[in-house]
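A.B. asks: This is input.txt, which holds compact mmCIF, C-alpha atoms:
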```
# COMPACT_ATOMS: atom_id res chain seq x y z
CA MET A 7 7.42 1.62 174.17
CA HIS A 8 8.70 1.64 177.72
CA ARG A 9 12.08 0.45 176.48
CA ARG A 10 12.21 3.38 174.08
CA ILE A 11 11.47 5.81 176.91
CA LEU A 12 14.21 4.21 179.01
CA ASN A 13 16.70 4.57 176.17
CA TRP A 14 15.89 8.25 175.75
CA LEU A 15 16.31 8.81 179.48
CA ILE A 16 19.73 7.12 179.40
CA VAL A 17 20.83 9.31 176.47
CA LEU A 18 19.58 12.39 178.29
CA LEU A 19 21.45 11.52 181.49
CA VAL A 20 24.68 10.83 179.58
CA GLY A 21 24.35 14.21 177.90
CA VAL A 22 23.93 15.89 181.26
CA LEU A 23 27.00 14.10 182.61
CA LEU A 24 29.14 15.27 179.70
CA LEU A 25 27.70 18.77 179.48
CA PRO A 26 29.64 20.44 182.33
CA VAL A 27 33.01 18.96 181.33
CA THR A 28 32.67 19.84 177.63
CA PRO A 29 34.44 23.23 177.93
CA ALA A 30 37.34 21.64 179.81
CA LEU A 31 37.68 18.72 177.38
CA ALA A 32 37.64 21.09 174.41
CA LEU A 33 40.96 22.62 175.49
CA PRO A 34 44.33 21.02 174.75
CA TYR A 35 45.97 19.08 177.52
CA ARG A 36 48.68 21.67 178.12
CA GLU A 37 46.13 24.46 178.47
CA ARG A 38 44.05 22.37 180.89
CA SER A 39 47.15 21.65 183.01
CA LYS A 40 47.88 25.35 183.55
CA PRO A 41 46.48 27.20 186.54
CA PRO A 42 44.15 30.14 185.95
CA ASP A 43 47.03 32.64 186.30
CA ASP A 44 49.36 30.72 183.90
CA GLY A 45 51.77 29.87 186.72
CA VAL A 46 54.59 27.34 186.55
CA ILE A 47 53.90 23.93 188.12
CA VAL A 48 56.67 21.39 188.64
CA TRP A 49 56.02 17.78 189.73
CA ASN A 50 58.67 15.55 191.35
CA GLU A 51 61.57 17.72 190.15
CA ASP A 52 63.78 20.45 191.54
CA TYR A 53 63.52 23.97 190.17
CA THR A 54 66.32 26.51 189.99
CA LEU A 55 66.02 30.13 188.95
CA GLU A 56 69.52 31.19 188.03
CA GLU A 57 71.18 34.52 188.70
CA GLY A 58 69.61 37.43 186.83
CA GLU A 59 66.60 35.43 185.61
CA GLU A 60 62.99 36.48 186.18
CA LEU A 61 59.72 34.56 186.37
CA ASP A 62 56.57 36.56 185.57
CA SER A 63 54.10 34.22 187.29
CA ASP A 64 53.61 32.06 190.36
CA LEU A 65 55.83 29.06 191.01
CA ILE A 66 54.35 25.87 192.49
CA VAL A 67 56.57 22.84 193.12
CA PHE A 68 55.38 19.44 194.37
CA ASN A 69 57.87 17.02 195.90
CA GLY A 70 60.91 19.02 194.88
CA ASP A 71 63.30 21.74 196.03
CA VAL A 72 63.34 25.36 194.89
CA THR A 73 66.50 27.42 194.57
CA LEU A 74 66.42 31.13 193.78
CA GLU A 75 69.91 32.42 193.15
CA ALA A 76 71.06 35.97 193.79
CA ASP A 77 69.52 38.74 191.65
CA SER A 78 66.74 36.39 190.51
CA ARG A 79 63.13 37.57 190.76
CA VAL A 80 59.73 35.87 190.92
CA ARG A 81 56.92 38.28 190.09
CA GLY A 82 54.39 36.19 191.96
CA SER A 83 54.24 33.71 194.81
CA VAL A 84 56.34 30.62 195.49
CA VAL A 85 54.67 27.50 196.93
CA VAL A 86 56.64 24.35 197.79
CA TRP A 87 54.92 21.14 198.95
CA GLY A 88 57.26 18.42 200.17
CA GLY A 89 60.53 20.22 199.51
CA ASP A 90 62.96 22.92 200.64
CA ALA A 91 63.21 26.53 199.52
CA ASP A 92 66.64 28.17 199.32
CA VAL A 93 66.08 31.82 198.50
CA GLU A 94 68.74 34.40 197.64
CA GLY A 95 66.63 36.42 195.21
CA THR A 96 63.38 38.42 195.34
CA ILE A 97 59.82 37.17 195.68
CA GLU A 98 57.21 39.87 195.06
CA LYS A 99 54.38 38.01 196.80
CA GLU A 100 54.14 35.13 199.32
CA LEU A 101 56.50 32.28 200.10
CA VAL A 102 54.70 29.16 201.35
CA VAL A 103 56.48 25.91 202.25
CA SER A 104 54.93 22.75 203.65
CA ASP A 105 56.86 19.69 204.85
CA GLY A 106 60.22 21.28 204.12
CA ASN A 107 62.69 23.92 205.24
CA ILE A 108 63.06 27.60 204.33
CA THR A 109 66.47 29.18 204.06
CA LEU A 110 66.56 32.90 203.36
CA GLY A 111 69.99 34.26 202.51
CA ASP A 112 71.32 37.70 203.31
CA ASP A 113 70.26 39.04 199.89
CA ALA A 114 66.77 37.48 199.98
CA TRP A 115 63.78 39.83 199.77
CA VAL A 116 60.20 38.63 200.26
CA GLU A 117 57.65 41.41 199.77
CA GLY A 118 54.73 39.32 201.07
CA ASN A 119 54.27 36.78 203.86
CA VAL A 120 56.54 33.86 204.68
CA VAL A 121 54.41 30.87 205.71
CA CYS A 122 56.02 27.71 207.04
CA SER A 123 52.85 25.66 207.27
CA TRP A 124 53.54 22.05 208.36
CA ASN A 125 56.61 20.25 209.69
CA CYS A 126 58.73 23.12 208.50
CA GLY A 127 61.91 24.84 209.70
CA ILE A 128 63.02 28.34 208.84
CA GLU A 129 66.37 30.19 208.80
CA LEU A 130 66.10 33.92 208.24
CA GLY A 131 69.60 35.36 208.44
CA ASP A 132 69.64 39.01 207.38
CA ALA A 133 66.87 38.57 204.83
CA ARG A 134 64.28 41.27 204.25
CA VAL A 135 60.68 40.20 204.83
CA GLU A 136 58.01 42.89 204.52
CA GLY A 137 55.06 40.69 205.44
CA SER A 138 54.40 38.36 208.35
CA ILE A 139 56.41 35.27 209.28
CA ILE A 140 54.08 32.44 210.22
CA GLU A 141 55.28 29.09 211.49
CA GLY A 142 52.80 26.22 211.50
CA ILE A 143 52.69 22.92 213.34
CA SER A 144 55.86 20.87 213.44
CA ALA A 145 56.42 17.24 214.32
CA ARG A 146 57.46 18.31 217.83
CA GLY A 147 54.26 20.21 218.49
CA LEU A 148 53.50 23.89 218.78
CA PRO A 149 53.55 26.25 221.80
CA LEU A 150 50.22 27.65 222.86
CA ASP A 151 51.21 31.23 222.06
CA ARG A 152 51.68 30.30 218.38
CA TRP A 153 48.21 28.87 217.76
CA ARG A 154 46.89 32.34 216.97
CA ASP A 155 49.23 32.60 214.00
CA VAL A 156 48.21 29.13 212.81
CA ILE A 157 44.55 30.16 212.87
CA ARG A 158 45.42 33.26 210.83
CA MET A 159 47.43 31.24 208.34
CA PRO A 160 44.63 30.52 205.81
CA LEU A 161 43.89 34.26 205.67
CA LEU A 162 47.51 35.07 204.84
CA ILE A 163 47.76 32.58 201.98
CA PRO A 164 46.34 34.08 198.75
CA SER A 165 43.38 32.26 197.25
CA SER A 166 45.14 31.96 193.89
CA LEU A 167 47.69 29.64 195.47
CA MET A 168 45.01 27.24 196.63
CA ARG A 169 44.03 26.44 193.06
CA VAL A 170 45.99 23.52 191.66
CA SER A 171 45.50 22.23 188.14
CA GLY A 172 45.81 18.70 186.88
CA PRO A 173 44.17 15.93 188.92
CA ARG A 174 42.52 18.33 191.33
CA VAL A 175 40.71 20.18 188.53
CA ALA A 176 39.49 16.87 187.11
CA LEU A 177 38.26 15.78 190.53
CA GLU A 178 36.50 19.10 191.07
CA TRP A 179 34.73 18.81 187.72
CA THR A 180 33.78 15.22 188.45
CA PHE A 181 32.39 15.88 191.92
CA ALA A 182 30.55 19.01 190.78
CA THR A 183 28.95 17.07 187.93
CA LEU A 184 27.99 14.16 190.16
CA ARG A 185 26.55 16.54 192.73
CA SER A 186 24.43 18.33 190.12
CA VAL A 187 23.18 15.10 188.56
CA THR A 188 22.37 13.65 191.98
CA THR A 189 20.41 16.77 192.92
CA ILE A 190 18.39 16.64 189.70
CA LEU A 191 17.61 12.94 190.13
CA VAL A 192 16.60 13.45 193.76
CA ILE A 193 14.18 16.24 192.75
CA ALA A 194 12.67 13.99 190.07
CA ALA A 195 12.33 11.11 192.54
CA VAL A 196 10.66 13.37 195.11
CA ALA A 197 8.29 14.62 192.41
CA GLY A 198 7.30 11.06 191.55
CA LEU A 199 6.66 10.19 195.19
CA VAL A 200 4.57 13.33 195.72
CA ALA A 201 2.47 12.50 192.66
CA LEU A 202 2.09 8.94 193.90
CA ILE A 203 0.89 10.01 197.35
CA TRP A 204 -1.10 13.14 196.39
CA PRO A 205 -2.13 12.72 192.75
CA HIS A 206 -5.30 14.80 193.06
CA GLN A 207 -3.53 17.75 194.71
CA THR A 208 -0.76 17.72 192.11
CA ALA A 209 -3.33 17.72 189.31
CA GLN A 210 -5.20 20.62 190.93
CA VAL A 211 -2.02 22.74 191.01
CA GLY A 212 -1.32 21.98 187.35
CA GLN A 213 -4.90 22.80 186.38
CA ALA A 214 -4.64 26.16 188.14
CA VAL A 215 -1.49 26.93 186.16
CA ILE A 216 -3.33 26.23 182.90
CA GLU A 217 -6.55 28.08 183.69
CA THR A 218 -5.10 31.08 185.56
CA PRO A 219 -1.48 31.60 184.49
CA TRP A 220 -1.20 35.36 185.06
CA PRO A 221 -2.96 35.45 188.43
CA SER A 222 -0.82 32.50 189.53
CA PHE A 223 2.37 34.27 188.49
CA GLY A 224 1.37 37.51 190.20
CA ILE A 225 0.31 35.81 193.42
CA GLY A 226 3.48 33.74 193.42
CA LEU A 227 5.71 36.79 192.95
CA LEU A 228 3.95 38.68 195.74
CA THR A 229 4.08 35.63 198.02
CA ALA A 230 7.82 35.19 197.46
CA ALA A 231 8.52 38.88 198.10
CA ALA A 232 6.39 38.93 201.25
CA ALA A 233 7.97 35.71 202.53
CA VAL A 234 11.50 37.00 201.99
CA ALA A 235 10.66 40.25 203.79
CA LEU A 236 9.13 38.28 206.66
CA ILE A 237 12.16 36.00 206.90
CA VAL A 238 14.53 38.98 207.06
CA ALA A 239 12.36 40.71 209.66
CA LEU A 240 12.24 37.60 211.83
CA ALA A 241 15.94 36.80 211.39
CA ILE A 242 17.15 40.14 212.73
CA THR A 243 15.41 39.49 216.05
CA ILE A 244 16.88 36.90 218.38
CA CYS A 245 13.56 35.74 219.83
CA PHE A 246 11.92 35.08 216.45
CA SER A 247 14.95 33.69 214.59
CA PRO A 248 13.64 30.08 214.77
CA ALA A 249 10.40 31.28 213.18
CA SER A 250 12.35 32.59 210.19
CA PHE A 251 13.73 29.09 209.68
CA LEU A 252 10.21 27.66 209.68
CA VAL A 253 9.01 30.27 207.20
CA THR A 254 11.97 29.44 204.95
CA ILE A 255 11.08 25.74 205.03
CA ALA A 256 7.42 26.50 204.27
CA LEU A 257 8.39 28.69 201.31
CA GLY A 258 10.72 26.00 199.98
CA VAL A 259 8.09 23.27 200.30
CA ALA A 260 5.47 25.40 198.56
CA GLY A 261 7.87 26.30 195.75
CA LEU A 262 8.89 22.68 195.26
CA PHE A 263 5.26 21.56 195.18
CA GLY A 264 4.48 24.18 192.53
CA TRP A 265 7.53 23.08 190.52
CA ILE A 266 6.25 19.50 190.70
CA GLY A 267 2.79 20.61 189.52
CA ILE A 268 4.33 22.25 186.44
CA GLY A 269 6.43 19.15 185.91
CA GLY A 270 3.23 17.10 185.85
CA LEU A 271 1.90 19.23 182.99
CA VAL A 272 5.12 18.81 181.02
CA GLY A 273 5.09 15.08 181.72
CA GLU A 274 1.56 14.71 180.35
CA ARG A 275 2.55 16.47 177.12
CA LEU A 276 5.62 14.27 176.78
CA MET A 277 3.59 11.13 177.29
CA GLN A 278 1.14 12.25 174.62
CA ALA A 279 4.01 12.96 172.24
CA LEU A 280 5.43 9.49 172.92
CA ASN A 281 1.98 7.90 172.33
CA VAL A 282 1.85 6.51 175.84
CA ARG A 283 -1.85 6.34 176.64
CA GLU A 284 -1.75 5.00 180.16
CA SER A 285 1.00 5.85 182.61
CA ALA A 286 1.09 6.15 186.37
CA PRO A 287 1.42 9.65 187.89
CA LEU A 288 4.71 8.50 189.40
CA TRP A 289 6.37 8.28 185.98
CA THR A 290 4.52 11.16 184.34
CA VAL A 291 5.27 13.75 186.99
CA GLY A 292 8.77 12.42 187.61
CA LEU A 293 9.66 12.61 183.91
CA GLY A 294 8.26 16.12 183.49
CA THR A 295 10.01 17.43 186.60
CA LEU A 296 13.26 15.82 185.44
CA VAL A 297 13.01 17.55 182.06
CA ILE A 298 12.31 21.07 183.33
CA THR A 299 14.98 20.73 186.01
CA LEU A 300 17.52 19.58 183.44
CA ILE A 301 16.68 22.48 181.14
CA GLY A 302 16.97 25.03 183.94
CA ALA A 303 20.26 23.60 185.21
CA GLY A 304 21.66 23.23 181.70
CA LEU A 305 20.91 26.84 180.78
CA SER A 306 22.43 28.05 184.05
CA THR A 307 25.67 26.17 183.33
CA PHE A 308 26.72 28.33 180.39
CA VAL A 309 27.70 31.92 181.05
CA CYS A 310 25.96 33.32 177.96
CA LEU A 311 22.72 31.41 178.66
CA ALA A 312 22.72 31.74 182.45
CA PRO A 313 20.27 34.71 182.46
CA PHE A 314 17.75 32.63 180.51
CA GLY A 315 18.16 29.76 182.93
CA TRP A 316 17.61 31.96 185.99
CA LEU A 317 14.68 33.67 184.25
CA MET A 318 13.11 30.28 183.57
CA ILE A 319 13.61 29.10 187.14
CA VAL A 320 12.20 32.29 188.65
CA GLY A 321 9.28 32.43 186.22
CA LEU A 322 8.20 28.82 186.64
CA GLY A 323 8.87 29.01 190.37
CA CYS A 324 6.58 32.01 190.83
CA LEU A 325 3.96 30.45 188.56
CA GLY A 326 3.91 27.22 190.53
CA LEU A 327 4.03 28.98 193.89
CA GLY A 328 1.05 31.12 192.97
CA ALA A 329 -0.92 28.06 191.87
CA VAL A 330 -0.15 26.39 195.19
CA VAL A 331 -1.39 29.44 197.09
CA LEU A 332 -4.56 29.79 195.00
CA THR A 333 -5.46 26.13 195.38
CA ARG A 334 -4.37 25.90 199.03
CA PHE A 335 -1.78 23.24 198.29
CA GLY A 336 -4.05 21.59 195.74
CA ARG A 337 -6.92 20.93 198.14
CA THR A 338 -9.51 23.12 196.36
CA PRO A 339 -9.79 24.11 192.71
CA PHE A 340 -9.44 27.80 192.02
CA VAL A 341 -12.21 29.55 190.07
CA TYR A 342 -12.69 33.19 189.25
CA PRO A 343 -15.25 34.85 191.54
CA SER A 344 -18.31 35.35 189.35
CA SER A 345 -20.42 38.52 189.71
CA PRO A 346 -24.13 38.01 190.65
CA PRO A 347 -26.55 38.31 187.71
CA SER A 348 -28.33 41.65 187.51
CA ALA A 349 -32.15 41.77 187.81
CA PRO A 350 -34.06 42.52 184.59
CA VAL A 351 -35.33 46.08 184.34
CA GLU A 352 -39.03 46.45 183.38
CA ALA A 353 -39.83 49.05 180.77
CA PRO A 354 -42.23 51.80 181.92
CA VAL A 355 -45.76 51.73 180.49
CA PRO A 356 -46.92 54.99 178.88
CA SER A 357 -50.01 56.55 180.56
CA ASN A 358 -51.60 57.94 177.35
CA LEU A 359 -52.31 54.55 175.81
CA PRO A 360 -56.04 53.51 175.75
CA GLU A 361 -56.96 50.76 178.07
CA LYS A 362 -58.03 47.49 176.56
CA GLU A 363 -61.62 46.56 177.02
CA THR A 364 -62.18 43.37 178.79
CA GLU A 365 -64.58 40.62 177.69
CA ASN A 366 -66.90 41.50 180.58
CA ASP A 367 -67.36 45.06 179.29
CA GLU A 368 -68.21 43.80 175.83
CA THR A 369 -70.77 41.45 177.29
CA GLU A 370 -72.47 44.26 179.21
CA ASN A 371 -72.67 46.47 176.09
CA VAL A 372 -74.39 43.68 174.23
```
Just give me the structure as structure tokens.

C.D. replies:
Amino acid sequence: MHRRILNWLIVLLVGVLLLPVTPALALPYRERSKPPDDGVIVWNEDYTLEEGEELDSDLIVFNGDVTLEADSRVRGSVVVWGGDADVEGTIEKELVVSDGNITLGDDAWVEGNVVCSWNCGIELGDARVEGSIIEGISARGLPLDRWRDVIRMPLLIPSSLMRVSGPRVALEWTFATLRSVTTILVIAAVAGLVALIWPHQTAQVGQAVIETPWPSFGIGLLTAAAAVALIVALAITICFSPASFLVTIALGVAGLFGWIGIGGLVGERLMQALNVRESAPLWTVGLGTLVITLIGAGLSTFVCLAPFGWLMIVGLGCLGLGAVVLTRFGRTPFVYPSSPPSAPVEAPVPSNLPEKETENDETENV
């Protein structure tokens, strides 16, 4: 039975690993290799835009030279890494060169910035540059009066040029997936340790969720709103700014503890469905927390299902937070305050009824 549970967990983790990269793997290789703006990327080759030709996108060249002949036009930006740029045409956006030289002819026209980022030399001539000319650090060093331009350099380079397809996209997907999976596993491990150390408190929070779901949700929503307002109020004052950090930590701990309590309930139902009669709280709570965290993260991954994922996270978070508040972190069970029983009302005795004769009166009459 335990081996079956382990196999299901392995299948579930493999599915989570493949889930974020499914949209990228579904595309053809050529579509995956293109940048988001359908720019032209050249690897280890020179690129020449001949006279009269136009390019309607960005141009990115790695380890190669770029030549733009007269009357040529690039309706985007030109980025060269590890190569030279010889420009006689028009560039409608930025020109960025790293580890190479820039040569702007007399007919060259750059409507954006010219950035010579690293180990780069520049020859302007009579070229027309409408933006800024920024020279970065060279192998011979940089004067002190030029460091201000170097600091401004990342602001002058458009964000679209910083996106590079191919290996970088694959690495970004891989690291993002590993980071998400690691976070989910850490939350499940913390849930198991909390259930191992405080099993009674975790059970009390879960019981409060079952017995008082609506009061728990309402109290949790009000607690979260009040805590956020308190954090903002404390953060805007310099003297109490450390207190806002403490309140944030307390809110996070309470929310996580409530999430773990709900995970314990889900884990119990899963163990019953798997016909596991006896299981330690470590595995029960850890498995339930893992499942609800996976569902919330999985729904939030897809754009069309993201609202449902956030709704689930907020709903369960408020429900668990309210249960934590009502049970005082699981130390006392929460019960509805019962009203005191009302005293019985005696019915009035009518005065016109004849009085009953006692046995003593009958004896006297005899």

A.B. asks: Using only C-alpha atoms, which of the listed residues (A:Ala235, A:Gly224, A:Ser186, A:Ala197) sits closest to Gly304 in chain A?

C.D. replies: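 Under the stated criterion, the closest residue is A:Ser186.
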
A.B. asks: Between A:Leu199, A:Leu257, A:Ala249, A:Ala329, single out the one closest to Val234 in chain A, counting only C-alpha atoms.

C.D. replies: A:Leu257

A.B. asks: Rank A:Ile66, A:Leu240, A:Ala76, A:Val187 by their smallest atom-to-atom distance to Thr96 in chain A, using all atoms listed in the file, and report the top residue only.

C.D. replies: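 Using all atoms listed in the file, the shortest distance to Thr96 in chain A belongs to A:Ala76.
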
A.B. asks: Return the single residue from A:Gly294, A:Gly106, A:Gly321, A:Gly273 that is closest to Trp220 in chain A, with distances computed using only C-alpha atoms.

C.D. replies: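 Nearest to Trp220 in chain A: A:Gly321.
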
A.B. asks: Would you list the residues near (17.4, 23.9, 181.3) (no more than 12 Å away, in the coordinates of the file, using only C-alpha atoms) as number ranges by chain?

C.D. replies: A: 22, 25, 190, 295-308, 311-319, 322

A.B. asks: Using only C-alpha atoms, find the one residue out of A:Ala241, A:Ala230, A:Val93, A:Ile128 that sits nearest to Ala114 in chain A.

C.D. replies: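 Of A:Ala241, A:Ala230, A:Val93, A:Ile128, the one nearest Ala114 in chain A, counting only C-alpha atoms, is A:Val93.
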
A.B. asks: What's around range 48-57 of chain A at 6 Å? Count only C-alpha atoms, leave out sequence neighbours fewer than 6 positions away in its own chain, and write the answer as a list in words.

C.D. replies: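 The neighbour list is Val67, Phe68, Asn69, Gly70, Asp71, Val72, Thr73, Leu74, Glu75, Ala76, Asp77 and Ser78 of chain A.
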
A.B. asks: Tell me which protein, DNA and RNA residues are within 12 Å of Trp204 in chain A, counting all atoms listed in the file, leaving out same-chain ones fewer than 6 positions away, and put them as an MDAnalysis selection string.

C.D. replies: chainID A and resid 196:198 210:211 263 266:267 287:288 291 335:337

A.B. asks: Looking at only C-alpha atoms, which of A:Ser104, A:Asn119, A:Asp112, A:Thr290 is the one that sits closest to Ser83 in chain A?

C.D. replies: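 The shortest atom-to-atom distance to Ser83 in chain A comes from A:Asn119.
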
A.B. asks: Report, in Å to a single decimal, how far apart CA of Arg81 in chain A and CA of Ser63 in chain A are.

C.D. replies: 5.7 Å

A.B. asks: Could you jot down the CA of Ile47 in chain A to CA of Cys126 in chain A separation for me, Å, one decimal place?

C.D. replies: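 For CA of Ile47 in chain A relative to CA of Cys126 in chain A, the distance reads 21.0 Å.
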
A.B. asks: Please indicate the distance in Å from CA of Val84 in chain A to CA of Asn125 in chain A, rounded to one decimal place.

C.D. replies: 17.6 Å

A.B. asks: Starting from the point (68.3, 39.1, 205.5), work out which residues of protein, DNA or RNA have an atom no more than 6 Å away when counting only C-alpha atoms; state them as a ChimeraX atom specification.

C.D. replies: /A:111-114,131-134

A.B. asks: If we count all atoms listed in the file, what is near Ser250 in chain A at a cut-off of 10 Å, once residues fewer than 6 positions away on the same chain are taken out, given as a ChimeraX atom specification?

C.D. replies: /A:233-234,236-243,256
